[in-house]
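Colleague: Input file: model_35.txt. Contents: compact mmCIF, C-alpha atoms.
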```
# COMPACT_ATOMS: atom_id res chain seq x y z
CA MET A 1 -3.22 -29.81 10.89
CA ASN A 2 -5.72 -27.54 12.67
CA ARG A 3 -2.98 -26.05 14.87
CA PHE A 4 -0.87 -25.35 11.79
CA PHE A 5 -3.83 -23.68 10.08
CA ALA A 6 -4.62 -21.60 13.17
CA SER A 7 -1.01 -20.48 13.65
CA SER A 8 -0.74 -19.63 9.94
CA LEU A 9 -3.92 -17.59 10.14
CA VAL A 10 -2.63 -15.69 13.19
CA CYS A 11 0.64 -14.91 11.37
CA LEU A 12 -1.27 -13.77 8.30
CA LEU A 13 -3.54 -11.51 10.34
CA ALA A 14 -0.54 -10.05 12.19
CA ALA A 15 1.17 -9.28 8.87
CA ALA A 16 -2.03 -7.66 7.57
CA ALA A 17 -2.23 -5.51 10.70
CA VAL A 18 1.33 -4.31 10.14
CA TRP A 19 0.44 -3.11 6.62
CA ALA A 20 -2.88 -1.57 7.67
CA GLU A 21 -1.29 1.67 8.88
CA PRO A 22 2.03 3.31 8.09
CA ASN A 23 4.77 2.73 10.62
CA ARG A 24 5.26 6.06 12.41
CA THR A 25 8.85 5.24 13.35
CA ASP A 26 9.92 4.25 9.83
CA THR A 27 8.64 6.68 7.24
CA ARG A 28 11.03 5.79 4.41
CA LEU A 29 8.19 4.50 2.22
CA LEU A 30 6.01 7.60 2.60
CA SER A 31 6.20 9.80 -0.47
CA GLN A 32 4.82 12.93 -2.10
CA PRO A 33 3.76 14.78 1.06
CA ALA A 34 1.36 17.73 0.86
CA VAL A 35 0.79 19.99 3.85
CA SER A 36 -2.23 22.11 4.74
CA ARG A 37 -2.95 24.20 7.83
CA ASP A 38 -4.28 21.14 9.71
CA HIS A 39 -3.25 17.98 7.81
CA ILE A 40 -0.55 16.14 5.93
CA ALA A 41 -1.50 14.03 2.90
CA PHE A 42 0.92 11.47 1.51
CA VAL A 43 1.19 8.40 -0.68
CA TYR A 44 2.00 5.07 0.96
CA ALA A 45 1.74 1.70 -0.79
CA ASP A 46 0.15 3.41 -3.83
CA ASP A 47 -2.77 4.70 -1.72
CA LEU A 48 -3.59 8.16 -0.46
CA TRP A 49 -3.39 8.76 3.30
CA VAL A 50 -3.97 11.78 5.55
CA CYS A 51 -3.00 12.55 9.14
CA ASP A 52 -2.92 15.45 11.57
CA LEU A 53 0.14 17.73 11.55
CA ASP A 54 1.55 15.93 14.60
CA GLY A 55 1.38 12.55 12.81
CA HIS A 56 -1.60 11.24 14.76
CA ASN A 57 -5.02 10.19 13.45
CA VAL A 58 -3.64 8.47 10.33
CA ARG A 59 -6.41 7.53 7.87
CA ARG A 60 -6.35 5.81 4.50
CA LEU A 61 -8.46 7.76 2.01
CA THR A 62 -8.19 5.42 -0.99
CA SER A 63 -7.85 1.67 -1.27
CA ASP A 64 -8.34 0.97 -4.97
CA LEU A 65 -6.05 -1.34 -6.92
CA GLY A 66 -4.93 1.67 -8.96
CA VAL A 67 -2.07 4.02 -8.12
CA GLU A 68 -2.71 7.39 -6.52
CA SER A 69 -0.13 10.18 -6.72
CA ASN A 70 0.51 13.92 -6.53
CA PRO A 71 -1.81 14.95 -3.68
CA VAL A 72 -2.50 18.69 -3.34
CA PHE A 73 -4.70 20.47 -0.79
CA SER A 74 -7.29 23.06 -1.76
CA PRO A 75 -6.60 26.55 -0.36
CA ASP A 76 -9.04 25.98 2.52
CA GLY A 77 -7.60 22.49 3.21
CA SER A 78 -10.93 20.64 2.91
CA ILE A 79 -10.33 18.87 -0.42
CA ILE A 80 -7.40 16.89 -1.78
CA ALA A 81 -6.87 16.71 -5.54
CA PHE A 82 -4.76 13.81 -6.78
CA SER A 83 -3.89 11.84 -9.88
CA GLY A 84 -5.43 8.38 -9.92
CA GLN A 85 -4.47 5.61 -12.28
CA TYR A 86 -7.64 3.56 -12.58
CA ASP A 87 -8.66 1.42 -15.53
CA GLY A 88 -5.24 1.92 -17.15
CA ASN A 89 -5.35 5.72 -17.37
CA THR A 90 -4.24 8.57 -15.12
CA ASP A 91 -6.88 11.25 -14.49
CA VAL A 92 -7.63 14.01 -11.97
CA TYR A 93 -9.70 13.12 -8.89
CA THR A 94 -10.71 14.90 -5.70
CA ILE A 95 -11.62 13.57 -2.28
CA SER A 96 -12.64 15.18 1.00
CA VAL A 97 -10.08 15.26 3.80
CA ASN A 98 -12.73 13.44 5.85
CA GLY A 99 -12.87 10.58 3.34
CA GLY A 100 -15.57 9.31 1.02
CA SER A 101 -15.62 8.35 -2.62
CA PRO A 102 -13.20 10.06 -5.01
CA THR A 103 -14.75 12.30 -7.66
CA ARG A 104 -13.36 12.04 -11.17
CA LEU A 105 -12.77 15.41 -12.85
CA THR A 106 -11.08 14.44 -16.13
CA THR A 107 -11.51 11.66 -18.65
CA HIS A 108 -8.86 11.63 -21.34
CA PRO A 109 -6.50 8.98 -22.71
CA SER A 110 -3.42 11.13 -21.99
CA PRO A 111 -2.09 11.18 -18.42
CA ASP A 112 -3.36 14.13 -16.34
CA ILE A 113 -1.00 14.96 -13.45
CA VAL A 114 -2.27 17.21 -10.64
CA ARG A 115 -0.08 20.24 -9.95
CA GLY A 116 -2.18 22.50 -7.72
CA PHE A 117 -5.36 24.50 -7.18
CA SER A 118 -6.42 27.88 -8.48
CA PRO A 119 -6.10 30.60 -5.81
CA ASP A 120 -9.90 30.66 -5.30
CA GLY A 121 -10.00 26.86 -4.90
CA LYS A 122 -12.64 26.38 -7.62
CA SER A 123 -10.35 24.68 -10.17
CA VAL A 124 -7.58 22.10 -10.19
CA LEU A 125 -4.40 22.77 -12.16
CA PHE A 126 -2.93 19.77 -13.99
CA SER A 127 -0.35 19.03 -16.66
CA SER A 128 -1.02 16.81 -19.65
CA PRO A 129 0.42 16.08 -23.10
CA ARG A 130 -3.15 15.83 -24.47
CA HIS A 131 -2.71 18.48 -27.21
CA VAL A 132 0.91 17.67 -28.09
CA PHE A 133 1.47 15.51 -31.16
CA THR A 134 4.88 14.10 -30.14
CA LEU A 135 4.13 13.71 -26.40
CA ARG A 136 7.54 15.28 -25.68
CA TYR A 137 6.21 17.91 -23.31
CA SER A 138 3.13 18.73 -21.26
CA GLN A 139 0.93 21.78 -21.08
CA LEU A 140 -0.98 23.19 -18.11
CA PHE A 141 -4.76 22.99 -17.93
CA THR A 142 -7.44 23.71 -15.33
CA VAL A 143 -10.61 21.79 -14.62
CA PRO A 144 -13.41 23.07 -12.37
CA LEU A 145 -14.25 21.09 -9.23
CA THR A 146 -17.56 20.24 -10.91
CA GLY A 147 -15.65 18.38 -13.65
CA GLY A 148 -15.05 19.20 -17.27
```
Give the structure from the file, written as structure tokens.
Modeller:
Amino acid sequence: MNRFFASSLVCLLAAAAVWAEPNRTDTRLLSQPAVSRDHIAFVYADDLWVCDLDGHNVRRLTSDLGVESNPVFSPDGSIIAFSGQYDGNTDVYTISVNGGSPTRLTTHPSPDIVRGFSPDGKSVLFSSPRHVFTLRYSQLFTVPLTGG
């Protein structure tokens, strides 16, 4: 029984190691890439990842149970804005390219989908149906990096 448990544990750890980092030779599951001067951000397994332009130095930036999507780099490439679906709602978040805790910029019951940055990099552009009665279309809004 101990041998079975040990071999099962080894197989489980090997499977976990396979899912710990995206497979560089099979990128079919990578989605929504964003490119800056030095990095590529992408979504893999509903988490946000970043790597160097040559595909090396792959790092997971988020690991929450929620879904992250729509990554966009700031004009200087130091910040990534993204839509995060946490606690049942999709809002705008930012995170440093170097990692850390995401910063929430919006709090609204309607979904806020990141679309880009302002040219000066001080605001995030997002679309939302928050002021539309029928929810048939979205409007564009901006939120400063300090939140709003």
Colleague: Quick check, in Å to one decimal: how far apart do CA of Pro129 in chain A and CA of Pro33 in chain A lie?
Modeller: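 These atoms are spaced 24.4 Å apart.
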Colleague: Considering all atoms listed in the file, can you say which of A:Leu29, A:Ile40, A:Leu135, A:Val143 comes closest to Tyr93 in chain A?
Modeller: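 Looking only at the distances to Tyr93 in chain A, the closest residue turns out to be A:Val143.
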Colleague: Have a look at CA of Val43 in chain A and CA of Ser78 in chain A and let me know their distance in Å, one decimal.
Modeller: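 Computing the Euclidean distance for CA of Val43 in chain A and CA of Ser78 in chain A yields 17.6 Å.
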Colleague: Neighbouring residues of Val67 in chain A were defined as those with any atom within 12 Å, considering only C-alpha atoms; residues of the same chain fewer than 3 positions away were excluded. Please report them as a ChimeraX atom specification.
Modeller: /A:43-48,62-64,70-71,82-91,93
Colleague: Restricting the calculation to only C-alpha atoms, which member of A:Ser69, A:Asp76, A:Pro144, A:Ser101 is positioned closest to Ile113 in chain A?
Modeller: A:Ser69
Colleague: Just how far from CA of Leu140 in chain A is CA of Asn98 in chain A, in Å to one decimal?
Modeller: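 CA of Leu140 in chain A lies 28.4 Å from CA of Asn98 in chain A.
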Colleague: Between A:Gly55, A:Gly148, A:Pro75, A:Pro102, single out the one closest to Asp120 in chain A, counting all atoms listed in the file.
Modeller: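 Using all atoms listed in the file, the shortest distance to Asp120 in chain A belongs to A:Pro75.
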Colleague: Give me the residues within 12 Å of Ile80 in chain A as number ranges by chain, counting only C-alpha atoms and dropping any in the same chain fewer than 5 places off.
Modeller: A: 33-36, 39-42, 48-50, 61-62, 68-75, 92-103, 114-117, 121, 123-124, 145
